[in-house]
Each structure stands twice: as structure tokens, then as C-alpha cells.
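**Student:** Contents of query.cif (mmCIF, C-alpha atoms and all ligand atoms):
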data_my_file
loop_
_atom_site.group_PDB
_atom_site.id
_atom_site.type_symbol
_atom_site.label_atom_id
_atom_site.label_comp_id
_atom_site.auth_asym_id
_atom_site.auth_seq_id
_atom_site.Cartn_x
_atom_site.Cartn_y
_atom_site.Cartn_z
ATOM 1 C CA MET G 1 222.552 99.682 238.081
ATOM 2 C CA THR G 2 223.388 99.009 234.463
ATOM 3 C CA ARG G 3 221.891 96.071 232.737
ATOM 4 C CA THR G 4 224.019 94.140 230.295
ATOM 5 C CA LEU G 5 222.237 93.502 227.008
ATOM 6 C CA ASP G 6 222.597 90.410 224.865
ATOM 7 C CA LEU G 7 224.014 92.274 221.833
ATOM 8 C CA GLU G 8 225.319 90.755 218.642
ATOM 9 C CA PRO G 9 226.969 93.394 216.427
ATOM 10 C CA LEU G 10 226.235 93.131 212.700
ATOM 11 C CA ASP G 11 229.009 92.462 210.208
ATOM 12 C CA ALA G 12 229.108 96.162 209.325
ATOM 13 C CA THR G 13 230.296 99.479 210.772
ATOM 14 C CA PHE G 14 227.044 99.784 212.741
ATOM 15 C CA GLY G 15 224.017 97.906 214.007
ATOM 16 C CA ALA G 16 223.356 95.085 216.436
ATOM 17 C CA VAL G 17 220.791 92.388 217.116
ATOM 18 C CA VAL G 18 219.380 92.477 220.650
ATOM 19 C CA ARG G 19 217.934 89.318 222.167
ATOM 20 C CA GLY G 20 216.291 88.615 225.499
ATOM 21 C CA VAL G 21 214.452 91.948 225.722
ATOM 22 C CA LYS G 22 210.662 92.367 225.598
ATOM 23 C CA LEU G 23 209.857 95.851 224.352
ATOM 24 C CA ALA G 24 206.245 95.501 225.518
ATOM 25 C CA THR G 25 207.329 95.311 229.159
ATOM 26 C CA LEU G 26 210.555 97.257 229.405
ATOM 27 C CA ASP G 27 211.917 98.224 232.820
ATOM 28 C CA ASP G 28 213.877 101.417 233.257
ATOM 29 C CA ASP G 29 217.346 99.848 233.554
ATOM 30 C CA THR G 30 216.820 97.936 230.333
ATOM 31 C CA TRP G 31 215.508 101.052 228.603
ATOM 32 C CA GLN G 32 218.633 102.994 229.664
ATOM 33 C CA ALA G 33 220.897 100.250 228.347
ATOM 34 C CA LEU G 34 218.916 99.966 225.129
ATOM 35 C CA HIS G 35 218.992 103.719 224.551
ATOM 36 C CA ALA G 36 222.762 103.845 225.096
ATOM 37 C CA ALA G 37 223.229 100.932 222.690
ATOM 38 C CA TRP G 38 221.000 102.656 220.122
ATOM 39 C CA LEU G 39 223.149 105.784 220.218
ATOM 40 C CA HIS G 40 226.281 103.682 219.766
ATOM 41 C CA TYR G 41 225.077 101.210 217.123
ATOM 42 C CA ALA G 42 222.511 103.524 215.419
ATOM 43 C CA LEU G 43 220.417 100.455 214.458
ATOM 44 C CA LEU G 44 219.045 97.839 216.839
ATOM 45 C CA ILE G 45 217.159 94.796 215.611
ATOM 46 C CA LEU G 46 214.835 93.096 218.072
ATOM 47 C CA PRO G 47 213.393 89.837 216.761
ATOM 48 C CA ASP G 48 210.180 88.259 217.958
ATOM 49 C CA GLN G 49 208.480 91.293 219.549
ATOM 50 C CA HIS G 50 204.999 91.108 217.951
ATOM 51 C CA LEU G 51 204.041 94.513 219.377
ATOM 52 C CA SER G 52 200.424 95.629 219.417
ATOM 53 C CA ARG G 53 199.703 99.136 218.142
ATOM 54 C CA ASP G 54 199.521 100.529 221.683
ATOM 55 C CA GLN G 55 202.691 98.730 222.762
ATOM 56 C CA GLN G 56 204.661 100.080 219.805
ATOM 57 C CA ILE G 57 203.462 103.649 220.387
ATOM 58 C CA ALA G 58 204.195 103.427 224.120
ATOM 59 C CA PHE G 59 207.716 102.152 223.407
ATOM 60 C CA ALA G 60 208.329 104.853 220.790
ATOM 61 C CA ARG G 61 207.294 107.534 223.293
ATOM 62 C CA ARG G 62 210.206 106.598 225.537
ATOM 63 C CA PHE G 63 212.464 108.354 223.026
ATOM 64 C CA GLY G 64 210.468 111.598 223.369
ATOM 65 C CA PRO G 65 207.703 113.269 221.354
ATOM 66 C CA LEU G 66 206.513 111.558 218.179
ATOM 67 C CA GLU G 67 206.287 113.127 214.736
ATOM 68 C CA PHE G 68 203.502 110.631 214.125
ATOM 69 C CA GLU G 69 202.304 107.681 216.184
ATOM 70 C CA MET G 70 201.973 104.915 213.659
ATOM 71 C CA ALA G 71 201.637 104.710 209.895
ATOM 72 C CA ALA G 72 201.192 101.604 207.778
ATOM 73 C CA ILE G 73 203.875 101.223 205.111
ATOM 74 C CA SER G 74 201.943 98.732 203.048
ATOM 75 C CA ASN G 75 200.577 97.680 199.692
ATOM 76 C CA VAL G 76 197.355 96.385 201.285
ATOM 77 C CA ARG G 77 194.336 98.677 200.895
ATOM 78 C CA ALA G 78 191.930 99.324 203.786
ATOM 79 C CA ASN G 79 189.486 96.925 202.084
ATOM 80 C CA GLY G 80 192.100 94.158 202.046
ATOM 81 C CA THR G 81 192.871 94.165 198.325
ATOM 82 C CA LEU G 82 196.438 94.617 197.108
ATOM 83 C CA ARG G 83 197.971 97.534 195.280
ATOM 84 C CA ARG G 84 199.984 96.061 192.413
ATOM 85 C CA GLU G 85 203.014 97.723 190.950
ATOM 86 C CA ALA G 86 201.088 98.166 187.681
ATOM 87 C CA ASP G 87 198.364 100.129 189.516
ATOM 88 C CA ASN G 88 201.054 102.796 189.972
ATOM 89 C CA ASP G 89 198.797 104.995 192.082
ATOM 90 C CA ASP G 90 200.303 107.559 194.431
ATOM 91 C CA VAL G 91 200.714 105.056 197.291
ATOM 92 C CA VAL G 92 202.663 102.747 194.971
ATOM 93 C CA LYS G 93 204.753 105.753 193.921
ATOM 94 C CA VAL G 94 205.519 106.480 197.581
ATOM 95 C CA LEU G 95 206.405 102.810 198.214
ATOM 96 C CA LYS G 96 208.700 102.895 195.184
ATOM 97 C CA GLY G 97 210.150 106.220 196.302
ATOM 98 C CA ASN G 98 211.075 104.546 199.604
ATOM 99 C CA MET G 99 213.344 102.268 197.553
ATOM 100 C CA GLY G 100 215.816 105.124 197.105
ATOM 101 C CA TRP G 101 218.317 105.773 199.920
ATOM 102 C CA HIS G 102 216.954 108.495 202.186
ATOM 103 C CA ALA G 103 216.590 109.888 205.670
ATOM 104 C CA ASP G 104 213.075 110.603 206.954
ATOM 105 C CA SER G 105 211.506 114.057 207.125
ATOM 106 C CA THR G 106 214.585 115.959 205.957
ATOM 107 C CA TYR G 107 211.963 117.671 203.740
ATOM 108 C CA MET G 108 210.134 118.919 206.843
ATOM 109 C CA PRO G 109 211.210 121.924 208.938
ATOM 110 C CA VAL G 110 212.476 119.459 211.590
ATOM 111 C CA GLN G 111 214.183 116.223 210.521
ATOM 112 C CA ALA G 112 213.073 113.040 212.335
ATOM 113 C CA LYS G 113 215.143 111.640 215.212
ATOM 114 C CA GLY G 114 214.471 108.064 214.263
ATOM 115 C CA ALA G 115 211.871 105.372 213.921
ATOM 116 C CA VAL G 116 210.448 102.311 215.586
ATOM 117 C CA PHE G 117 209.604 100.034 212.654
ATOM 118 C CA SER G 118 207.954 96.619 212.804
ATOM 119 C CA ALA G 119 207.058 93.878 210.370
ATOM 120 C CA GLU G 120 203.566 92.376 210.463
ATOM 121 C CA ILE G 121 203.287 90.668 207.065
ATOM 122 C CA VAL G 122 206.339 90.021 204.903
ATOM 123 C CA PRO G 123 206.532 88.746 201.325
ATOM 124 C CA GLY G 124 208.121 85.397 200.490
ATOM 125 C CA ALA G 125 211.079 87.102 198.802
ATOM 126 C CA GLY G 126 212.494 90.625 198.661
ATOM 127 C CA GLY G 127 211.149 93.524 200.711
ATOM 128 C CA GLN G 128 214.259 93.812 202.858
ATOM 129 C CA THR G 129 215.062 97.189 204.401
ATOM 130 C CA GLY G 130 218.566 98.517 203.807
ATOM 131 C CA PHE G 131 220.426 100.770 206.217
ATOM 132 C CA ALA G 132 223.646 102.694 205.609
ATOM 133 C CA ASP G 133 226.010 104.299 208.130
ATOM 134 C CA MET G 134 226.647 107.946 207.242
ATOM 135 C CA ARG G 135 229.118 108.372 210.156
ATOM 136 C CA ALA G 136 231.411 105.745 208.665
ATOM 137 C CA ALA G 137 230.792 107.201 205.205
ATOM 138 C CA TYR G 138 231.942 110.634 206.335
ATOM 139 C CA ASP G 139 235.001 109.124 208.003
ATOM 140 C CA ALA G 140 235.851 107.198 204.812
ATOM 141 C CA LEU G 141 235.807 110.230 202.493
ATOM 142 C CA ASP G 142 239.115 111.247 200.978
ATOM 143 C CA GLU G 143 240.477 114.483 202.372
ATOM 144 C CA ALA G 144 239.577 116.632 199.365
ATOM 145 C CA THR G 145 235.957 115.450 199.313
ATOM 146 C CA ARG G 146 235.659 115.863 203.061
ATOM 147 C CA ALA G 147 236.921 119.445 202.799
ATOM 148 C CA LYS G 148 234.463 120.049 199.956
ATOM 149 C CA VAL G 149 231.355 118.677 201.701
ATOM 150 C CA ASP G 150 232.227 120.430 204.963
ATOM 151 C CA GLY G 151 231.217 123.761 203.463
ATOM 152 C CA LEU G 152 228.180 122.664 201.440
ATOM 153 C CA GLN G 153 224.420 122.583 201.958
ATOM 154 C CA ALA G 154 221.507 121.157 200.003
ATOM 155 C CA TYR G 155 217.757 121.676 199.792
ATOM 156 C CA HIS G 156 215.517 118.764 200.788
ATOM 157 C CA SER G 157 212.097 118.235 199.289
ATOM 158 C CA LEU G 158 209.617 115.403 198.764
ATOM 159 C CA HIS G 159 208.190 117.354 195.819
ATOM 160 C CA TYR G 160 211.644 117.034 194.242
ATOM 161 C CA SER G 161 212.208 113.343 195.027
ATOM 162 C CA GLN G 162 208.701 112.112 194.172
ATOM 163 C CA SER G 163 208.528 114.152 190.954
ATOM 164 C CA LYS G 164 211.230 111.814 189.643
ATOM 165 C CA LEU G 165 208.630 109.019 189.907
ATOM 166 C CA GLY G 166 205.989 111.143 188.207
ATOM 167 C CA HIS G 167 204.306 111.886 191.522
ATOM 168 C CA GLN G 168 202.890 115.379 192.042
ATOM 169 C CA HIS G 169 200.571 115.622 195.003
ATOM 170 C CA GLN G 170 196.973 116.356 194.084
ATOM 171 C CA GLN G 171 193.596 116.528 195.762
ATOM 172 C CA GLY G 172 191.886 113.149 195.890
ATOM 173 C CA SER G 173 195.171 111.223 195.821
ATOM 174 C CA SER G 174 195.337 107.733 197.319
ATOM 175 C CA TYR G 175 198.311 109.119 199.335
ATOM 176 C CA SER G 176 197.629 111.386 202.322
ATOM 177 C CA GLY G 177 200.109 113.977 201.118
ATOM 178 C CA TYR G 178 202.228 113.766 204.273
ATOM 179 C CA GLY G 179 205.633 115.310 203.616
ATOM 180 C CA PHE G 180 204.636 117.387 200.602
ATOM 181 C CA HIS G 181 205.644 120.399 202.610
ATOM 182 C CA ASP G 182 204.791 123.771 201.151
ATOM 183 C CA GLY G 183 206.616 126.872 202.235
ATOM 184 C CA PRO G 184 210.336 127.498 202.407
ATOM 185 C CA VAL G 185 212.292 124.462 201.271
ATOM 186 C CA PRO G 186 214.507 123.201 204.111
ATOM 187 C CA LEU G 187 218.214 123.859 203.544
ATOM 188 C CA ARG G 188 220.525 121.501 205.437
ATOM 189 C CA PRO G 189 224.277 121.083 205.744
ATOM 190 C CA LEU G 190 225.847 118.076 203.992
ATOM 191 C CA VAL G 191 227.705 117.322 207.194
ATOM 192 C CA LYS G 192 225.905 117.185 210.481
ATOM 193 C CA THR G 193 227.085 116.650 214.031
ATOM 194 C CA HIS G 194 225.080 114.230 216.117
ATOM 195 C CA PRO G 195 223.554 116.041 219.101
ATOM 196 C CA ASP G 196 224.084 113.111 221.508
ATOM 197 C CA THR G 197 227.320 111.492 220.335
ATOM 198 C CA GLY G 198 229.138 114.443 218.718
ATOM 199 C CA ARG G 199 229.986 112.266 215.697
ATOM 200 C CA LYS G 200 229.926 113.811 212.256
ATOM 201 C CA SER G 201 227.946 112.208 209.446
ATOM 202 C CA LEU G 202 226.971 112.849 205.851
ATOM 203 C CA LEU G 203 223.439 114.106 205.334
ATOM 204 C CA ILE G 204 222.487 113.073 201.803
ATOM 205 C CA GLY G 205 219.782 110.913 200.239
ATOM 206 C CA ARG G 206 217.138 111.217 197.548
ATOM 207 C CA HIS G 207 215.426 114.319 198.929
ATOM 208 C CA ALA G 208 218.645 116.385 198.750
ATOM 209 C CA HIS G 209 219.177 118.576 195.702
ATOM 210 C CA ALA G 210 220.274 121.998 194.451
ATOM 211 C CA ILE G 211 223.456 122.654 196.395
ATOM 212 C CA PRO G 212 223.646 126.459 196.551
ATOM 213 C CA GLY G 213 226.496 127.791 194.449
ATOM 214 C CA MET G 214 226.631 124.724 192.213
ATOM 215 C CA ASP G 215 225.153 124.175 188.775
ATOM 216 C CA PRO G 216 221.989 122.012 189.305
ATOM 217 C CA ALA G 217 223.161 119.175 187.037
ATOM 218 C CA GLU G 218 226.585 119.141 188.690
ATOM 219 C CA SER G 219 224.904 119.186 192.115
ATOM 220 C CA GLU G 220 222.800 116.152 191.130
ATOM 221 C CA ARG G 221 225.854 114.266 189.838
ATOM 222 C CA PHE G 222 227.851 115.100 192.960
ATOM 223 C CA LEU G 223 225.048 114.086 195.348
ATOM 224 C CA ASP G 224 224.488 110.826 193.400
ATOM 225 C CA SER G 225 228.207 110.051 193.596
ATOM 226 C CA LEU G 226 228.178 110.629 197.362
ATOM 227 C CA ILE G 227 225.251 108.213 197.824
ATOM 228 C CA GLU G 228 226.973 105.628 195.661
ATOM 229 C CA PHE G 229 230.203 105.892 197.645
ATOM 230 C CA ALA G 230 228.517 106.068 201.043
ATOM 231 C CA CYS G 231 226.102 103.164 200.600
ATOM 232 C CA GLN G 232 228.657 100.398 200.135
ATOM 233 C CA ALA G 233 230.083 97.633 202.320
ATOM 234 C CA PRO G 234 231.054 97.688 205.139
ATOM 235 C CA ARG G 235 228.644 100.558 205.719
ATOM 236 C CA VAL G 236 225.414 98.831 204.648
ATOM 237 C CA TYR G 237 223.156 96.146 206.041
ATOM 238 C CA HIS G 238 219.915 94.800 204.566
ATOM 239 C CA HIS G 239 217.476 93.317 207.019
ATOM 240 C CA ASP G 240 215.518 90.274 205.972
ATOM 241 C CA TRP G 241 212.278 90.619 207.921
ATOM 242 C CA ALA G 242 210.369 88.033 209.887
ATOM 243 C CA PRO G 243 206.884 88.903 211.182
ATOM 244 C CA GLY G 244 207.185 90.339 214.697
ATOM 245 C CA ASP G 245 210.635 91.897 214.174
ATOM 246 C CA THR G 246 211.014 95.446 215.440
ATOM 247 C CA VAL G 247 213.939 97.697 214.591
ATOM 248 C CA ILE G 248 214.858 101.118 215.913
ATOM 249 C CA TRP G 249 217.061 103.338 213.801
ATOM 250 C CA ASP G 250 218.760 106.663 214.341
ATOM 251 C CA ASN G 251 217.628 108.861 211.449
ATOM 252 C CA ARG G 252 220.256 111.479 212.355
ATOM 253 C CA CYS G 253 223.136 109.363 211.065
ATOM 254 C CA LEU G 254 221.751 106.533 208.885
ATOM 255 C CA LEU G 255 220.124 106.351 205.489
ATOM 256 C CA HIS G 256 217.627 103.595 204.741
ATOM 257 C CA ARG G 257 215.633 102.206 201.843
ATOM 258 C CA ALA G 258 213.123 99.503 201.036
ATOM 259 C CA THR G 259 214.009 96.894 198.430
ATOM 260 C CA PRO G 260 211.614 95.625 195.747
ATOM 261 C CA TRP G 261 209.194 92.771 196.242
ATOM 262 C CA ASP G 262 206.495 91.236 194.108
ATOM 263 C CA MET G 263 203.497 93.437 194.950
ATOM 264 C CA THR G 264 201.108 90.611 194.174
ATOM 265 C CA GLU G 265 202.190 89.613 197.703
ATOM 266 C CA PRO G 266 201.244 91.674 200.757
ATOM 267 C CA ARG G 267 203.839 93.537 202.828
ATOM 268 C CA VAL G 268 202.619 95.322 205.957
ATOM 269 C CA MET G 269 205.054 97.347 208.061
ATOM 270 C CA TRP G 270 204.312 99.779 210.906
ATOM 271 C CA HIS G 271 206.290 102.982 211.337
ATOM 272 C CA SER G 272 206.298 105.170 214.460
ATOM 273 C CA ARG G 273 208.307 108.303 213.740
ATOM 274 C CA LEU G 274 210.340 109.899 216.545
ATOM 275 C CA ALA G 275 210.271 113.688 216.382
ATOM 276 C CA GLY G 276 213.599 115.446 215.985
ATOM 277 C CA ASP G 277 214.722 117.966 218.555
ATOM 278 C CA PRO G 278 214.224 121.385 216.913
ATOM 279 C CA VAL G 279 217.522 122.524 218.472
ATOM 280 C CA SER G 280 219.567 120.013 216.469
ATOM 281 C CA GLU G 281 217.260 118.899 213.621
ATOM 282 C CA ALA G 282 215.770 122.170 212.365
ATOM 283 C CA ALA G 283 216.700 123.288 208.874
ATOM 284 C CA LEU G 284 219.149 126.165 208.618
ATOM 285 C CA ALA G 285 217.533 129.477 209.583
ATOM 286 C CA ARG G 286 218.466 131.033 206.262
ATOM 287 C CA ALA G 287 216.238 128.648 204.336
ATOM 288 C CA MET G 288 213.274 129.410 206.553
ATOM 289 C CA GLN G 289 213.300 132.988 205.307
ATOM 290 C CA GLY G 290 212.433 131.810 201.857
ATOM 291 C CA GLY G 291 215.931 131.058 200.501
HETATM 292 C C1 LIG J 301 209.994 104.213 206.017
HETATM 293 C C2 LIG J 301 210.734 103.520 204.953
HETATM 294 C C3 LIG J 301 211.350 101.333 204.151
HETATM 295 C C4 LIG J 301 210.730 99.964 204.060
HETATM 296 O O1 LIG J 301 209.124 103.574 206.649
HETATM 297 O O2 LIG J 301 210.290 105.398 206.279
HETATM 298 O O3 LIG J 301 211.479 104.137 204.255
HETATM 299 O O4 LIG J 301 211.498 98.997 203.995
HETATM 300 N N1 LIG J 301 210.530 102.193 204.895
HETATM 301 O O5 LIG J 301 209.498 99.876 204.024
HETATM 302 MN MN MN J 302 211.813 106.220 205.145
#
I need this file expressed as C-alpha cells, please.
**Tutor:**
Amino acid sequence: MTRTLDLEPLDATFGAVVRGVKLATLDDDTWQALHAAWLHYALLILPDQHLSRDQQIAFARRFGPLEFEMAAISNVRANGTLRREADNDDVVKVLKGNMGWHADSTYMPVQAKGAVFSAEIVPGAGGQTGFADMRAAYDALDEATRAKVDGLQAYHSLHYSQSKLGHQHQQGSSYSGYGFHDGPVPLRPLVKTHPDTGRKSLLIGRHAHAIPGMDPAESERFLDSLIEFACQAPRVYHHDWAPGDTVIWDNRCLLHRATPWDMTEPRVMWHSRLAGDPVSEAALARAMQGG
């Protein structure tokens, strides 16, 4: 039996709002329908969920193994005080880094499958999350650029992307260090094929750099120009959060970013990261030999 979901597609090439579903108590038919819709739309927005920690983790596990269960993406310290932008400690640098278009864990040996992401506390203005459809971006490339990217690869590293914000990971940092992967730098194709849908998409974002065979400055210019082209209407959507909203995104074909907010206001988001399948999301074997 297939359940019909109450789906309202976004005014974009991807994404839909789903109403009338309670993620905390999801039956199997609804899960099947939701999963199929997720693969098709790549981003589902589910308002008014107010998931507890355990409920969010249990829901995330329906997609398969987790890369991590739940991390706070937040400018509120454990003791309740706020990190201000001017503090500019390593957590602030990570929050600001998130404001560049990216896919998650492309800097790890296995790229993430996706995320379950919920809003607990949202600022009065700003702090939206942007999403961009890299399937539609690939499809929209002119023929010459498509032929060019088809043969190219790039390295992905959080050391690279965070160093642009003056962030080098050190002992005693306010940031855990997650993602500052040491060892061979993952090399990934610029064009990937989705393991479940077969659709091609561009794999770019702020962690990508140093296209082999290209001058580093030219590689940076080219990758920047791809992000600029790709992350434009009708391929982007920025979600204005309300507390209790949960979204699920497919990290294999979307980029995302945070947008600025006044850090004298708290913003508390919860991220459960879905582990990528090593068969489809592992970096290219060549890079793992130290390339
Ligand atoms: C993330 C991320 C963006 C945001 O959680 O991986 O990039 O809007 N978040 O906080
Ligand atoms: Mn992210």
C-alpha cells in the first residue's frame, strides 16, 4: 500500500514542504513514501515536528547508519552564554565557514548521505539555511563546460576551507576538530552519479580545491565560477526557520549554507548526519594512496 503525502513543491527545481506527517511516530508506509519523495525532491521540509533528541536520532536511523547522531550547530555555549561574532573563536569560525556553499563531509574518506536538521531556537532575523540543486546545475551547464567538468576532479579539505577564515585546528580549541581529517586528502570527481536515482550532479563547494592538472589559481577561479553559476535561481531555496521545523536533505546532490544573523541572538540547530554508503560516497581510490 502506498501512502499519498501532502506535498507542496517549492518554487525551485527541487524541494517540497510535507504536512500531516509526524516524524516521531512514523509508520512504515509513510516512511516508504517519505523516502521516495526525499530521493525525488532532495529536500523535504517538515514544519512543526518539535523532535526530542531521541526521536530525531531514531528517525535519522531509518536512512541507515549515522556518521554522527546529533551535533549542536549553535552560538550558545554549554554554560548558556553567547558566542559573539567578535569573539571569533574557532566555533565562530566554523559557524562562519558554514556560510559558504558546501556539501558535508566531502573532506572525509566517505561523503555524507544527508542530514536530518532541526531548529530549536531561531534568531529574529537572518539565520536562514540555503540549499542549491546540483542536479539542475549540471543539467544547465553549457555543452563546453559540461564536457570540461566531466573529466575533472578536485581535492576536498576542511583544512583548506577553514584556513581561508584563519582557522587552523589546534589543541585546546573551542571546536572539537571534527572534519580536520589528516591523511590522504580525498579526491572526488566534479560530476557524480546519484547511487539511487542515477542522476548526475555537480560536486563542488567550498571544500573543493586544487583540480589536478590545473594551475591552482585557475582551479580556484574555475571552481568559484561554477559555484556562482550553480547557486542561482531557480536552483536555490533559502529556508526561513521556525522552532520545531525539521528538514531532511540529500547531501549527494545539494549544496547548502547558513546565512548570517546577529550573534548577539541565540541560534540553536540540531544536526544528525547520515553516513554515506562507502560504495558510492568514498573518495577516488587514487587519492587514498597519498595522491
Ligand atoms: C550544517 C550546516 C547550516 C546552517 O549543519 O552542516 O551547514 O544553516 N548548517 O546552520
Ligand atoms: Mn553543512
**Student:** Applied to the shown file, which residues does the PyMOL selection byres (((chain G and resi 99) around 10) and not hetatm) return, written as a list of chain:residue names?
**Tutor:** G:Lys93, G:Val94, G:Leu95, G:Lys96, G:Gly97, G:Asn98, G:Gly100, G:Trp101, G:His102, G:Gly127, G:Thr129, G:Gly130, G:Arg206, G:His256, G:Arg257, G:Ala258, G:Thr259, G:Pro260
**Student:** For the point (211.3, 85.6, 222.9) in the file's frame, write as a list in words all residues with an atom no more than 12 Å away, counting only C-alpha atoms.
**Tutor:**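 Protein and nucleic acid residues near the point are Val18, Arg19, Gly20, Val21, Lys22, Leu23, Ala24, Leu46, Pro47, Asp48, Gln49, His50, Gly244 and Asp245 of chain G.
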**Student:** What does the distance from atom CA of G:Gly198 to atom CA of G:Ser280 come to in Å, to one decimal?
**Tutor:**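 Taking atom CA of G:Gly198 as the start and atom CA of G:Ser280 as the end point, the length is 11.3 Å.
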**Student:** Kindly provide, as JSON, the centre and edge lengths (Å, one decimal) of an axis-aligned box around all atoms of ligand LIG 301 (chain J) given in the file, with 3 Å on each side.
**Tutor:**
{"center_x": 210.3, "center_y": 102.2, "center_z": 205.3, "size_x": 8.4, "size_y": 12.4, "size_z": 8.7}
**Student:** Specify as number ranges by chain each residue included when the PyMOL selection byres (((chain G and resi 235) around 8) and not hetatm) is applied to this file.
**Tutor:** G: 12-14, 132-134, 136-137, 230-234, 236-237
**Student:** Kindly give the distance, in Å, that separates atom CA of G:Gly205 and atom CA of G:Leu223, rounded to a single decimal.
**Tutor:**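 Here the two named atoms are 7.9 Å from each other.
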**Student:** Separation of atom CA of G:Ser225 and atom CA of G:Gln128, in Å?
**Tutor:**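 About the pair atom CA of G:Ser225 and atom CA of G:Gln128: they are 23.3 Å apart.
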**Student:** Counting only C-alpha atoms, which of G:Leu26, G:Ala71, G:Val76, G:Ala208 gets nearest to G:Val185?
**Tutor:**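 Using only C-alpha atoms, G:Val185 sits closest to G:Ala208.
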**Student:** Could you check which of G:Thr246, G:Thr193, G:Ser176, G:Ser105 is closest to ligand LIG 301 (chain J), using all atoms listed in the file?
**Tutor:**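 Distance minimum relative to ligand LIG 301 (chain J) lands on G:Ser105.
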**Student:** Identify, on the basis of all atoms listed in the file, every residue whose closest approach to G:Gln55 does not exceed 9 Å; exclude the query and any residue fewer than 3 positions from it along the same chain; express the result as JSON, numbers by chain.
**Tutor:** {"G": [23, 24, 25, 51, 52, 58, 59, 60]}
**Student:** Counting all atoms listed in the file, which of G:Leu202, G:Val149, G:Met269, G:Leu187 gets nearest to ligand MN 302 (chain J)?
**Tutor:**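 Of the candidates, the smallest distance to ligand MN 302 (chain J) is held by G:Met269.
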**Student:** Taking the partial coordinates given, rebuild stretch 189-196 of chain G to contain all heavy atoms; return it as a PDB file, keeping the file's coordinate frame.
**Tutor:**
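Everything below was put into out_14.pdb:
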ATOM      1  N   PRO G 189     222.867 121.318 206.052  1.00  0.00           N
ATOM      2  CA  PRO G 189     224.277 121.083 205.744  1.00  0.00           C
ATOM      3  C   PRO G 189     224.510 119.653 205.259  1.00  0.00           C
ATOM      4  O   PRO G 189     223.762 118.745 205.625  1.00  0.00           O
ATOM      5  CB  PRO G 189     224.985 121.318 207.089  1.00  0.00           C
ATOM      6  CG  PRO G 189     223.929 121.097 208.116  1.00  0.00           C
ATOM      7  CD  PRO G 189     222.615 121.469 207.487  1.00  0.00           C
ATOM      8  N   LEU G 190     225.510 119.433 204.431  1.00  0.00           N
ATOM      9  CA  LEU G 190     225.847 118.076 203.992  1.00  0.00           C
ATOM     10  C   LEU G 190     226.530 117.274 205.098  1.00  0.00           C
ATOM     11  O   LEU G 190     226.609 116.049 205.019  1.00  0.00           O
ATOM     12  CB  LEU G 190     226.756 118.118 202.755  1.00  0.00           C
ATOM     13  CG  LEU G 190     226.070 117.770 201.428  1.00  0.00           C
ATOM     14  CD1 LEU G 190     224.896 118.665 201.165  1.00  0.00           C
ATOM     15  CD2 LEU G 190     227.049 117.844 200.273  1.00  0.00           C
ATOM     16  N   VAL G 191     227.050 117.996 206.073  1.00  0.00           N
ATOM     17  CA  VAL G 191     227.705 117.322 207.194  1.00  0.00           C
ATOM     18  C   VAL G 191     227.018 117.773 208.465  1.00  0.00           C
ATOM     19  O   VAL G 191     226.892 118.971 208.714  1.00  0.00           O
ATOM     20  CB  VAL G 191     229.201 117.688 207.270  1.00  0.00           C
ATOM     21  CG1 VAL G 191     229.860 116.998 208.466  1.00  0.00           C
ATOM     22  CG2 VAL G 191     229.901 117.298 205.968  1.00  0.00           C
ATOM     23  N   LYS G 192     226.528 116.799 209.226  1.00  0.00           N
ATOM     24  CA  LYS G 192     225.905 117.185 210.481  1.00  0.00           C
ATOM     25  C   LYS G 192     226.621 116.545 211.652  1.00  0.00           C
ATOM     26  O   LYS G 192     227.297 115.525 211.493  1.00  0.00           O
ATOM     27  CB  LYS G 192     224.405 116.892 210.495  1.00  0.00           C
ATOM     28  CG  LYS G 192     224.007 115.447 210.380  1.00  0.00           C
ATOM     29  CD  LYS G 192     222.511 115.361 210.127  1.00  0.00           C
ATOM     30  CE  LYS G 192     221.767 115.200 211.445  1.00  0.00           C
ATOM     31  NZ  LYS G 192     220.690 116.107 211.712  1.00  0.00           N
ATOM     32  N   THR G 193     226.474 117.169 212.805  1.00  0.00           N
ATOM     33  CA  THR G 193     227.085 116.650 214.031  1.00  0.00           C
ATOM     34  C   THR G 193     225.970 116.111 214.904  1.00  0.00           C
ATOM     35  O   THR G 193     224.977 116.791 215.149  1.00  0.00           O
ATOM     36  CB  THR G 193     227.842 117.773 214.762  1.00  0.00           C
ATOM     37  OG1 THR G 193     228.842 118.278 213.869  1.00  0.00           O
ATOM     38  CG2 THR G 193     228.505 117.258 216.029  1.00  0.00           C
ATOM     39  N   HIS G 194     226.135 114.878 215.331  1.00  0.00           N
ATOM     40  CA  HIS G 194     225.080 114.230 216.117  1.00  0.00           C
ATOM     41  C   HIS G 194     224.944 114.902 217.480  1.00  0.00           C
ATOM     42  O   HIS G 194     225.939 115.069 218.180  1.00  0.00           O
ATOM     43  CB  HIS G 194     225.417 112.747 216.283  1.00  0.00           C
ATOM     44  CG  HIS G 194     224.259 111.920 216.733  1.00  0.00           C
ATOM     45  ND1 HIS G 194     223.741 112.007 218.009  1.00  0.00           N
ATOM     46  CD2 HIS G 194     223.504 111.010 216.081  1.00  0.00           C
ATOM     47  CE1 HIS G 194     222.725 111.160 218.110  1.00  0.00           C
ATOM     48  NE2 HIS G 194     222.555 110.550 216.958  1.00  0.00           N
ATOM     49  N   PRO G 195     223.707 115.288 217.853  1.00  0.00           N
ATOM     50  CA  PRO G 195     223.554 116.041 219.101  1.00  0.00           C
ATOM     51  C   PRO G 195     223.916 115.238 220.351  1.00  0.00           C
ATOM     52  O   PRO G 195     224.285 115.831 221.365  1.00  0.00           O
ATOM     53  CB  PRO G 195     222.062 116.407 219.110  1.00  0.00           C
ATOM     54  CG  PRO G 195     221.413 115.412 218.194  1.00  0.00           C
ATOM     55  CD  PRO G 195     222.436 115.097 217.145  1.00  0.00           C
ATOM     56  N   ASP G 196     223.811 113.919 220.317  1.00  0.00           N
ATOM     57  CA  ASP G 196     224.084 113.111 221.508  1.00  0.00           C
ATOM     58  C   ASP G 196     225.468 112.492 221.519  1.00  0.00           C
ATOM     59  O   ASP G 196     226.039 112.277 222.592  1.00  0.00           O
ATOM     60  CB  ASP G 196     223.037 111.994 221.645  1.00  0.00           C
ATOM     61  CG  ASP G 196     221.644 112.553 221.878  1.00  0.00           C
ATOM     62  OD1 ASP G 196     221.536 113.582 222.577  1.00  0.00           O
ATOM     63  OD2 ASP G 196     220.674 111.988 221.347  1.00  0.00           O
TER      64      ASP G 196
END
